[in-house]
Structures are given as C-alpha cells and as structure tokens.
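Participant: Below is a structure I'd like to ask you about.
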There are 2 protein chains.
Amino acid sequence: MKGKIFKRLESADEALAIFFDNLPAAPLEAEEVPIEEGLSRVLARDVVAPRSVPESDRAAMDGYAVLSEDVLGASQTNPALLRVVGRIEAGSRPGLRISGGEAAAIATGAPMPYGADAVVMVEHTRAVSGSEIEVYSPATPGENVQAAGEDVRAGEAILRRGTKLRPWDIGMLAALGIASVEVVRRPRVAIISTGDELSELGDRTEPGKVINSSRFILSAMVRELGGAPIYLGIARDSIEDIRAKIGEGLRACDAVLITGGTSVGEGDLVPEAINSLGKPGMLVHGVSLRPGMPTGLAAVGGKPVVSLSGYTVAAMMGFITFFRPLMLRLLGSKPDPAPKILAKMARRVASPAGARAFLRVSVEKGAGGDYVAEPLRSSGSGILSSVVKANGLVVIPEWKEGVEEGEEVEVELLRPLG
Amino acid sequence: MKGKIFKRLESADEALAIFFDNLPAAPLEAEEVPIEEGLSRVLARDVVAPRSVPESDRAAMDGYAVLSEDVLGASQTNPALLRVVGRIEAGSRPGLRISGGEAAAIATGAPMPYGADAVVMVEHTRAVSGSEIEVYSPATPGENVQAAGEDVRAGEAILRRGTKLRPWDIGMLAALGIASVEVVRRPRVAIISTGDELSELGDRTEPGKVINSSRFILSAMVRELGGAPIYLGIARDSIEDIRAKIGEGLRACDAVLITGGTSVGEGDLVPEAINSLGKPGMLVHGVSLRPGMPTGLAAVGGKPVVSLSGYTVAAMMGFITFFRPLMLRLLGSKPDPAPKILAKMARRVASPAGARAFLRVSVEKGAGGDYVAEPLRSSGSGILSSVVKANGLVVIPEWKEGVEEGEEVEVELLRPLG
C-alpha cells in the first residue's frame with residue numbers, strides 16, 4: 001500500500017453502486033455470428049421460433065400408422081385386420097393418405113400419413129399376408145406420435161436475450177433452421193500495467209526487476225468472462241506515459257483496466273492521469289476489501305476505468321468484486337452459477353470488521369466425511385501461490401470479524417477437490 | 001428406440017468400466033503452447049519453479065531499510081538516529097550495502113540493501129537533516145520485508161500435471177519466467193451423424209426432413225471440454241457409408257462419436273459397421289439410462305467409438321455419462337467442480353428402478369426461501385426444449401424409483417437462476 005492512508009474506504013457495494021451510476025446501463029451493441037461460433041456468447045435479442053419442431057406429426061416408434069378408431073378394442077383374441085397401403089421411411093416427403101381399414105408401415109421419425117392418428121408398435125402386430133396385418137392392441141389417438149410443435153411451436157420465444165448460449169441452445173437454433181444469431185459484441189478491455197520495477201516476460205530480466213504477471217492473469221480473466229483483452233504494455237511511472245496509455249485505451253476499447261500506481265504517495269499517478277482525461281474521473285479510491293483496498297473506480301466520458309493494486313492477489317480480488325459485474329453489465333448477462341460447497345474451518349482466521357475479506361483455502365474431505373477448509377498460510381496481497389495452491393475461496397462479509405475454528409462457511413471452488 | 005428390445009442393459013457404471021478396460025489409460029501426448037494460449041489447457045507435466053519469487057528480499061512498504069538491532073527499543077522519547085546513505089527505487093539493481101548506524105530510503109517492491117533486515121515505515125520516522133532520520137519505533141528482523149522465496153521457492157513443484165490452467169496459474173508461470181508450457185494435446189473427436197431423415201442446416205429443407213441439430217450440440221460439448229470436434233457429415237443409412245465414415249474418424253481422430261443408427265431393427269447398422277472395422281468392436285450396446293438407453297460403447301484398435309441415440313436429449317445424456325469421462329481420461333484431468341444446489345421437488349416423478357434417470361427441472365426460489373425444482377413436462381428423449389427451458393438437471397440414481405413431491409434433491413445448475 002506504500003504507506004497510504006485512504007481518507008475514507010467505501011464499502012464494496014457502495015463503491016459498485018457509485019461506479020454503475022456513472023456508466024450507461026445498456027449492454028454493448030449486437031453482432032451477428034454463425035451459430036457454430038455462438039457458444040458462450042450472449043444473445044442480444046429474444047429468439048422467436050420461425051417454425052414448429054417437429055414441423056409435422058411424426059412416428060415416435062417403428063410400426064404401423066393407423067386410425068385409432070380402427071384398432072379400438074383390438075386384442076390377441078380379437079385382432080383388427082388392416083390393409084397395408086404403403087411404407088414411409090424416415091426423411092421421406094409427407095404425401096400418403098390412409099383411410100379406414102388401412103395402415104402404413106412407418107419408421108421412427110418418418111412423417112405420419114394423412115388420416116392416421118396413432119402408431120402401433122411392430123411388436124403388437126403380425127403380417128398375415130403380403131399386404132395385410134393383424135393388430136393385437138388398441139392405440140389411443142396420438143399414441144407413439146410426436147405431434148407437430150410438440151418440442152417448439154412456431155412463434156414461441158424460445159431463447160431470451162441475455163442468455164449465455166450453451167451447447168443445447170446452439171442445437172435448438174439449428175433445429176429451428178437458424179444459421180446465424182445476434183449476440184452482444186465482446187467487450188474490448190484495455191489492460192495497462194504501471195511500475196518501473198516491472199519487466200516483461202521474455203525480456204532479459206535484470207536483477208531487481210519483477211516480471212509483469214498481473215497482465216496475464218487479468219487477460220485470462222477477461223477472456224473467461226467473454227471479453228477481448230488488449231494489452232497496451234507497461235506505462236512508466238510518469239503522468240505523461242500513464243495518461244497516454246489510458247487515453248489510448250479509452251479510444252480503442254470499451255473499458256480500461258490498469259494495475260499499480262494507485263497509492264497516495266509519490267507514485268500515485270493513476271488517479272491524476274484519469275482525472276486529467278475527462279469527467280467525472282475518479283469516483284471511488286480505496287475500498288473495504290482485503291486484499292484489494294487500493295482499488296479505484298472511475299468513468300471518463302461514459303467509459304469505465306478500473307485501477308487495481310499492483311499486487312497480483314489484490315488485483316484479482318478487485319477484479320472479481322468490480323470488473324466481473326462490469327463485464328456482465330456490458331454483456332447484459334447474469335453470472336454463471338458458481339460451484340459452492342459448505343465446509344468447516346480448520347482454524348480461526350481474524351479479519352477486520354467493516355472489510356470484505358477473501359480467504360484462500362484448501363478444502364479436503366475430513367475424517368467425519370465433512371469438508372474441512374484449511375486457510376492458506378501465506379496471505380499477503382502479492383503472494384500469488386496462495387491462490388495457485390488454493391482450491392477454494394471464502395468471502396468473509398463486512399459485518400463479520402473473521403471466522404471461527406469449526407465454523408461452517410460457504411466455499412467457492414476454484415479447482416476440482418483433491 | 002425403433003422398437004428395439006436390448007438383450008441386457010448394462011448399468012452406467014459397469015458399462016463405463018468395460019469401456020475403459022479396453023482403452024489405453026495414459027492421456028494423449030503433450031504439445032508446447034505459449035502461456036497466453038494456455039488458459040483451460042491441461043498440464044502434461046509438473047511445473048517445477050526454476051527460480052524463487054521474489055528472487056531477493058524486497059521492501060513490502062515505503063520507508064527506510066535498517067538493521068533491526070539499530071532500532072531496538074526505539075520510541076518517541078528515545079528515537080534512534082540513523083544516517084541515510086542512499087535511496088533504492090522499485091526496479092533498481094540490488095547493490096547498496098548498509099552498516100550499523102545507517103539506513104536507506106526504500107520504495108515498496110525495491111530490493112533490500114545488503115546488511116539491512118527490516119523496513120521502518122515512513123510514518124515512524126522523521127528527517128532531522130538532509131542525511132539523517134530519527135526512528136520512533138523498533139522493527140523486528142524481517143518486518144515489512146518480503147523475503148526471497150516467500151511466494152515460491154526455487155525447485156518447488158508449484159503446479160501438478162493434470163491441472164487445468166486457470167488465470168492465476170498462467171500468472172504464476174509468467175512470474176516464474178516460463179513463457180511456454182507443455183499441455184496435453186486437444187483430443188480430436190470425429191462427429192458423424194446417421195439417418196436418411198436428416199438434412200444439414202442451410203440446405204433447402206425438404207418436407208419430411210429433420211435438420212441435423214445433434215452435431216452442433218455435440219461439437220459444442222466437445223469444445224467445452226477442451227476437445228477439437230471434427231464433423232464428418234451425415235452417413236446415409238447403409239453399412240458401407242457408415243463404415244467408411246467411422247474408418248475415416250478412426251484414422252484422423254482420437255475418438256469417434258456417432259449418432260443414430262443404434263437400434264436393433266433394420267436400421268441398426270452402426271454396431272455392424274463398428275465390428276467390421278476391428279477388435280474388440282462393440283463392448284456395450286444398451287445401458288440403463290433414461291433417456292440414453294440405446295447408447296453403444298466400442299473400441300477399435302485402442303480407439304474409442306461412442307454410438308449415441310439419434311434423439312438429441314438421449315444423445316446428450318449418453319455424452320454426459322460416457323463421453324465426458326472419456327475426454328477427461330484422454331486429457332488426464334479431473335472434472336471441473338459443478339455448480340449444485342439443494343431443492344425440493346415440486347411434484348412426484350416416477351422413474352423405473354434400475355435405470356439412471358436425468359430429470360430436466362426449472363428451479364426457482366419458493367415462498368419459504370427454499371429452492372423448488374419443477375420438472376419440465378415434455379420429457380421425451382427428442383424434446384430438446386426440455387433442456388433449453390431447464391436451468392437444472394437432477395440425476396435419479398439406479399436404486400431409486402423416482403422422486404417424491406417435497407423430496408430434497410441435488411440439482412446441477414445448467415444456467416443462472418431466475
């Protein structure tokens with residue numbers, strides 16, 4: 001924190017509300033993509049079924065299409081005798097018509113002949129001549145028939161805007177004959193790092209320098225949420241360089257993420273740079289997050305700028321708390337359901353009242369069959385191994401001062417268990 | 001089902017065991033990718049840290065690097081007087097050495113000077129001349145210092161093979177100076193559809209034809225699991241065509257998925273085609289899944305072939321039960337934790353004893369605050385809307401005959417709630 005004393009720390013919820021109050025509420029514009037590329041994209045509009053599925057009545061079993069009234073009361077001892085007037089294969093054109101006393105052999109999925117209203121399974125019939133069958137079982141109207149529109153009716157709003165497309169949604173679009181779909185454009189996110197101590201991966205690292213790892217983490221997190229990260233490089237610790245890079249991000253992208261340079265000391269150049277670029281500028285600087293306190297939230301000309309700690313773990317928690325909701329807002333979508341389990345804390349962990357704290361834990365099944373959450377020892381805001389070694393995250397809310405040994409907590413799973 | 005009566009239905013677990021007994025246990029070979037492309041890929045080998053993070057001791061605060069023995073007992077009334085011999089910025093090369101009675105101004109993240117073992121925060125000091133400070137507070141050895149290796153120690157196995165890389169893992173690789181990483185090659189999965197009733201999306205659909213939607217669903221499911229789907233088209237209902245396409249899939253891919261043509265009736269060509277291609281051929285044909293009964297599992301020359309129902313929902317459940325575990329085996333990985341909640345059934349649903357049943361449900365928060373799971377009415381194995389409209393899946397195990405109204409069930413969430 002570079003010894004910074006923030007004048008006032010906003011609560012995370014207050015901070016997010018202030019941030020969103022200064023940003024447009026509407027999601028980004030739509031773009032059309034082939035459905036093969038639609039997986040995990042967010043629908044920009046409701047999809048209304050242009051046709052019914054199936055389009056016409058179909059046989060749901062191999063057997064004989066019949067008029068149900070012809071087989072009323074049919075039984076082993078009192079079979080119904082029907083004349084077979086044709087055979088309908090799957091994929092053939094509808095066209096055949098049958099009348100009283102007639103049947104048509106039919107394959108699963110084949111269109112029902114006109115006049116028929118039921119299918120008798122092969123097992124309940126016997127061929128008595130080349131063109132006649134005996135039916136040993138009655139059939140109710142609609143039996144073994146998949147009715148037109150049974151799956152989807154034409155005109156039905158089958159998928160709603162804001163839906164993140166899953167594999168079966170893509171299949172549904174295909175079944176409806178829809179080859180391309182309007183989805184919300186991927187948010188372009190500028191990622192800027194600051195700090196004279198940083199060097200890029202692949203550069204010859206001088207002693208004293210630190211490899212810029214945050215940018216990889218944040219790019220991957222943006223990508224996981226459906227955004228397109230655009231890395232703009234390391235801004236040197238000067239107001240001009242930081243200002244130039246943020247300006248570039250604002251011009252080219254939908255949102256700007258910048259790490260480091262958020263302290264109040266000499267190196268505190270990011271807020272100044274942001275404020276010099278336009279209104280309203282910095283909205284929140286310093287939030288009650290542990291780690292993640294030096295997070296800053298800003299808006300410039302309707303575009304969001306989020307300034308995160310130079311420490312990796314603090315930056316991640318700031319991202320989760322503020323940038324993830326922002327991405328969902330830009331996409332007009334809801335968060336994916338998170339995998340959560342209940343576990344008992346293996347040890348007491350203190351946390352300051354009034355701050356939302358993120359505890360990295362390692363969850364295992366205990367002797368009694370319950371899950372036990374062991375807090376990771378190295379909890380500094382720059383100790384990335386505390387996340388890499390964790391398989392779960394426990395959020396301690398603002399109104400709690402830590403968690404007790406044996407207390408049951410909700411753990412969001414970051415990885416498979418053991 | 002085309003009226004098929006399977007001689008014997010294997011339980012899902014038995015079927016999977018037989019299947020895996022006939023396949024190699026080792027994952028696919030490794031390939032090297034830049035870490036930027038490593039997200040969600042599976043590590044092929046353990047990653048051993050080639051260096052420590054941080055590489056040398058660093059200041060964790062802005063302040064003065066000191067010898068802790070020099071400030072022992074320092075207080076407001078009894079300050080320690082130290083001579084400032086230099087200033088160390090973040091990113092500068094280590095090199096400065098301090099001795100007793102000396103201090104160095106230091107920025108957060110900057111390398112500690114040799115000799116110093118603690119950092120006193122600026123707030124606990126006062127400059128008394130251009131080159132001297134008073135220190136009002138003692139510092140224990142190591143205080144406000146991030147020790148070399150505190151995050152990661154050189155030689156530590158920081159990431160294990162089989163790990164599916166998350167954003168922070170990519171960041172860790174970067175922090176360690178690792179620019180590319182060995183991951184398991186993406187499984188190539190041939191997808192083949194069969195059925196004369198099928199037409200391709202985009203073709204002029206003739207009446208009576210059904211658009212092939214399964215291939216889109218299965219391709220997307222393969223992609224979600226980290227595989228590369230390769231669609232080989234629709235095989236016509238002839239043994240030659242089906243055989244040719246499966247053969248092509250076996251040559252070009254790591255696994256073959258084929259839909260339709262699995263019944264025992266006239267159209268039951270897939271098992272025959274598979275058996276003609278090599279040993280051991282069909283291993284399981286017919287499993288106790290609802291829907292998904294006509295699933296077939298086969299191996300030809302060590303390569304897996306999974307034959308799924310021609311009905312979309314049945315194909316999906318067969319995929320989830322058999323192909324997902326297969327993909328994880330090919331990748332040498334574990335399943336991602338699934339988002340699950342407990343809910344009370346809104347209605348009784350019967351399910352045959354001895355079969356594993358997949359219930360599509362719509363979960364909402366009930367009046368009492370509990371989650372309530374409403375089973376979707378249209379439950380046919382081809383009613384895709386039953387999945388599209390669901391937000392959850394309930395698995396009824398083999399030993400249960402359905403679920404009762406009000407019974408608490410575990411629901412895997414397929415979408416965000418409400």
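For the structure tokens, the naming scheme is as follows: chains receive sequential letters (A, B, ...) according to their order of presentation, residues are indexed from 1 within each chain, and ligands are indexed from 1 in presentation order.
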May I ask you to extract the residues of chain B within 7 Å of chain A, using only C-alpha atoms, and to give them as an NGL selection string?

Facilitator: :B and (1-3 or 36 or 39 or 61-62 or 90-94 or 108 or 110-111 or 151-152 or 167-172 or 174-175 or 177 or 179 or 196-198 or 201-202 or 207-209 or 211-214 or 216-217 or 220-221 or 334-340 or 383-385 or 388 or 413 or 415-416)

Participant: Could you give me, as a tab-separated table, a per-residue list for region 188-216 of chain A showing, wherever an atom lies at most 12 Å from an atom of region 291-304 of chain A, the closest pair of atoms and their distance in Å to one decimal, using only C-alpha atoms and sorting by chain then residue number from low to high?

Facilitator:
residue	atom	partner	partner_atom	distance
A:Arg188	CA	A:Lys303	CA	11.5
A:Val189	CA	A:Pro304	CA	9.9
A:Ala190	CA	A:Pro304	CA	10.6

Participant: Identify, on the basis of only C-alpha atoms, every residue whose closest approach to Glu248 (chain A) does not exceed 10 Å; exclude the query and any residue fewer than 6 positions from it along the same chain; express the result as a list in words.

Facilitator: Ala190, Leu232, Ile242 and Val256 of chain A

Participant: Any chance you can output those residues with C-alpha atoms as a PDB file, in the first residue's frame?

Facilitator:
ATOM      1  CA  ALA A 190      -7.523  -2.372 -22.462  1.00  0.00           C
ATOM      2  CA  LEU A 232      -1.196  -1.912 -24.033  1.00  0.00           C
ATOM      3  CA  ILE A 242       0.198   6.733 -17.851  1.00  0.00           C
ATOM      4  CA  VAL A 256      -9.752   0.156 -19.201  1.00  0.00           C
TER       5      VAL A 256
END

Participant: Counting only C-alpha atoms, which of A:Val71, A:Cys253, A:Ile239, A:Ala353 gets nearest to Leu269 (chain A)?

Facilitator: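 Using only C-alpha atoms, Leu269 (chain A) sits closest to A:Ile239.
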
Participant: Write out as a PyMOL selection string all residues of region 35-168 of chain A that backbone DSSP assigns to helix (DSSP H, G or I).

Facilitator: chain A and resi 35-37+68-71+122-124+167-168

Participant: Restrict the selected residues to C-alpha atoms and save them as a PDB file, in the first residue's frame.

Facilitator:
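Below is the file that was written, selection16.pdb:
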ATOM      1  CA  ILE A  35     -24.189 -20.448 -34.640  1.00  0.00           C
ATOM      2  CA  GLU A  36     -21.043 -22.644 -34.666  1.00  0.00           C
ATOM      3  CA  GLU A  37     -19.257 -19.639 -33.146  1.00  0.00           C
ATOM      4  CA  SER A  68     -57.052 -45.216 -33.785  1.00  0.00           C
ATOM      5  CA  GLU A  69     -60.775 -45.900 -34.282  1.00  0.00           C
ATOM      6  CA  ASP A  70     -59.834 -48.919 -36.448  1.00  0.00           C
ATOM      7  CA  VAL A  71     -57.980 -50.631 -33.588  1.00  0.00           C
ATOM      8  CA  VAL A 122     -44.389 -53.675 -34.645  1.00  0.00           C
ATOM      9  CA  GLU A 123     -44.390 -55.958 -31.606  1.00  0.00           C
ATOM     10  CA  HIS A 124     -48.184 -55.660 -31.381  1.00  0.00           C
ATOM     11  CA  PRO A 167     -24.408 -26.347 -26.403  1.00  0.00           C
ATOM     12  CA  TRP A 168     -28.112 -27.322 -26.428  1.00  0.00           C
TER      13      TRP A 168
END

Participant: So which residues touch Glu29 (chain A) within 9 Å, counting only C-alpha atoms, skipping near sequence neighbours fewer than 5 positions away, as a PyMOL selection string?

Facilitator: chain A and resi 44+183-185+331

Participant: Would you mind exporting N, CA, C and O atoms of the selected residues as a compact mmCIF listing (two decimals), in the first residue's frame?

Facilitator:
# COMPACT_ATOMS: atom_id res chain seq x y z
N ALA A 44 -28.27 -11.15 -27.98
CA ALA A 44 -28.61 -9.73 -27.95
C ALA A 44 -30.11 -9.50 -28.07
O ALA A 44 -30.61 -8.44 -27.70
N VAL A 183 -25.54 -11.70 -31.25
CA VAL A 183 -25.01 -11.76 -29.88
C VAL A 183 -24.39 -10.40 -29.54
O VAL A 183 -24.09 -9.60 -30.42
N VAL A 184 -24.23 -10.17 -28.25
CA VAL A 184 -23.60 -8.93 -27.81
C VAL A 184 -22.11 -9.00 -28.17
O VAL A 184 -21.46 -10.03 -27.96
N ARG A 185 -21.62 -7.92 -28.74
CA ARG A 185 -20.21 -7.83 -29.10
C ARG A 185 -19.35 -8.08 -27.86
O ARG A 185 -19.71 -7.71 -26.75
N LEU A 331 -22.25 -6.96 -21.13
CA LEU A 331 -22.80 -8.06 -21.93
C LEU A 331 -24.31 -8.22 -21.74
O LEU A 331 -24.95 -8.98 -22.47

Participant: Go ahead and compute the interatomic distance for CA of Glu182 (chain A) and CA of Gly226 (chain A), in Å to one decimal.

Facilitator: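 The value is 15.1 Å.
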
Participant: Please extract the residues of region 85-247 of chain A with a backbone DSSP assignment of strand (DSSP E) and present them as a PyMOL selection string.

Facilitator: chain A and resi 85-88+102-106+118-121+125-129+132-135+145-146+157-159+180-184+188-194+198-199+210-211+228-235

Participant: Would you mind reading off the distance between CA of Ala357 (chain A) and CA of Ala148 (chain B), one decimal, in Å?

Facilitator: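 Interatomic distance, CA of Ala357 (chain A) to CA of Ala148 (chain B): 26.0 Å.
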
Participant: Take CA of Arg324 (chain A) and CA of Glu31 (chain A) and report the distance between them in Å, one decimal.

Facilitator: 21.6 Å

Participant: Measuring between only C-alpha atoms, which one of B:Pro34, B:Pro325, B:Gly392, B:Gly278 shows the shortest distance to Ser180 (chain B)?

Facilitator: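 Looking at the shortest contact to Ser180 (chain B), the residue is B:Pro34.
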
Participant: Just the residues within 7 Å of Glu134 (chain A), please, counting only C-alpha atoms, with nothing from its chain fewer than 5 positions along; format it as an mmCIF file with N, CA, C and O atoms, in the first residue's frame.

Facilitator:
data_model
loop_
_atom_site.group_PDB
_atom_site.id
_atom_site.type_symbol
_atom_site.label_atom_id
_atom_site.label_comp_id
_atom_site.auth_asym_id
_atom_site.auth_seq_id
_atom_site.Cartn_x
_atom_site.Cartn_y
_atom_site.Cartn_z
ATOM 1 N N PRO A 79 -58.163 -59.566 -32.952
ATOM 2 C CA PRO A 79 -57.286 -58.637 -33.669
ATOM 3 C C PRO A 79 -58.052 -57.815 -34.710
ATOM 4 O O PRO A 79 -59.103 -58.250 -35.189
ATOM 5 N N ALA A 80 -57.502 -56.634 -34.997
ATOM 6 C CA ALA A 80 -58.029 -55.816 -36.085
ATOM 7 C C ALA A 80 -57.238 -56.145 -37.344
ATOM 8 O O ALA A 80 -56.007 -56.229 -37.309
ATOM 9 N N LEU A 81 -57.920 -56.338 -38.444
ATOM 10 C CA LEU A 81 -57.262 -56.659 -39.717
ATOM 11 C C LEU A 81 -57.176 -55.388 -40.562
ATOM 12 O O LEU A 81 -58.194 -54.746 -40.814
ATOM 13 N N LEU A 82 -55.967 -55.026 -40.966
ATOM 14 C CA LEU A 82 -55.778 -53.790 -41.740
ATOM 15 C C LEU A 82 -54.990 -54.092 -43.008
ATOM 16 O O LEU A 82 -54.138 -54.988 -43.040
ATOM 17 N N THR A 125 -48.158 -56.384 -33.700
ATOM 18 C CA THR A 125 -48.776 -56.704 -34.998
ATOM 19 C C THR A 125 -48.191 -58.012 -35.534
ATOM 20 O O THR A 125 -47.181 -58.500 -35.043
ATOM 21 N N ARG A 126 -48.866 -58.543 -36.533
ATOM 22 C CA ARG A 126 -48.328 -59.704 -37.238
ATOM 23 C C ARG A 126 -48.773 -59.587 -38.690
ATOM 24 O O ARG A 126 -49.937 -59.251 -38.967
ATOM 25 N N ALA A 127 -47.843 -59.819 -39.605
ATOM 26 C CA ALA A 127 -48.206 -59.806 -41.028
ATOM 27 C C ALA A 127 -48.944 -61.094 -41.341
ATOM 28 O O ALA A 127 -48.462 -62.180 -41.017
ATOM 29 N N VAL A 128 -50.114 -60.965 -41.935
ATOM 30 C CA VAL A 128 -50.868 -62.180 -42.275
ATOM 31 C C VAL A 128 -50.809 -62.478 -43.766
ATOM 32 O O VAL A 128 -51.092 -63.577 -44.204
#
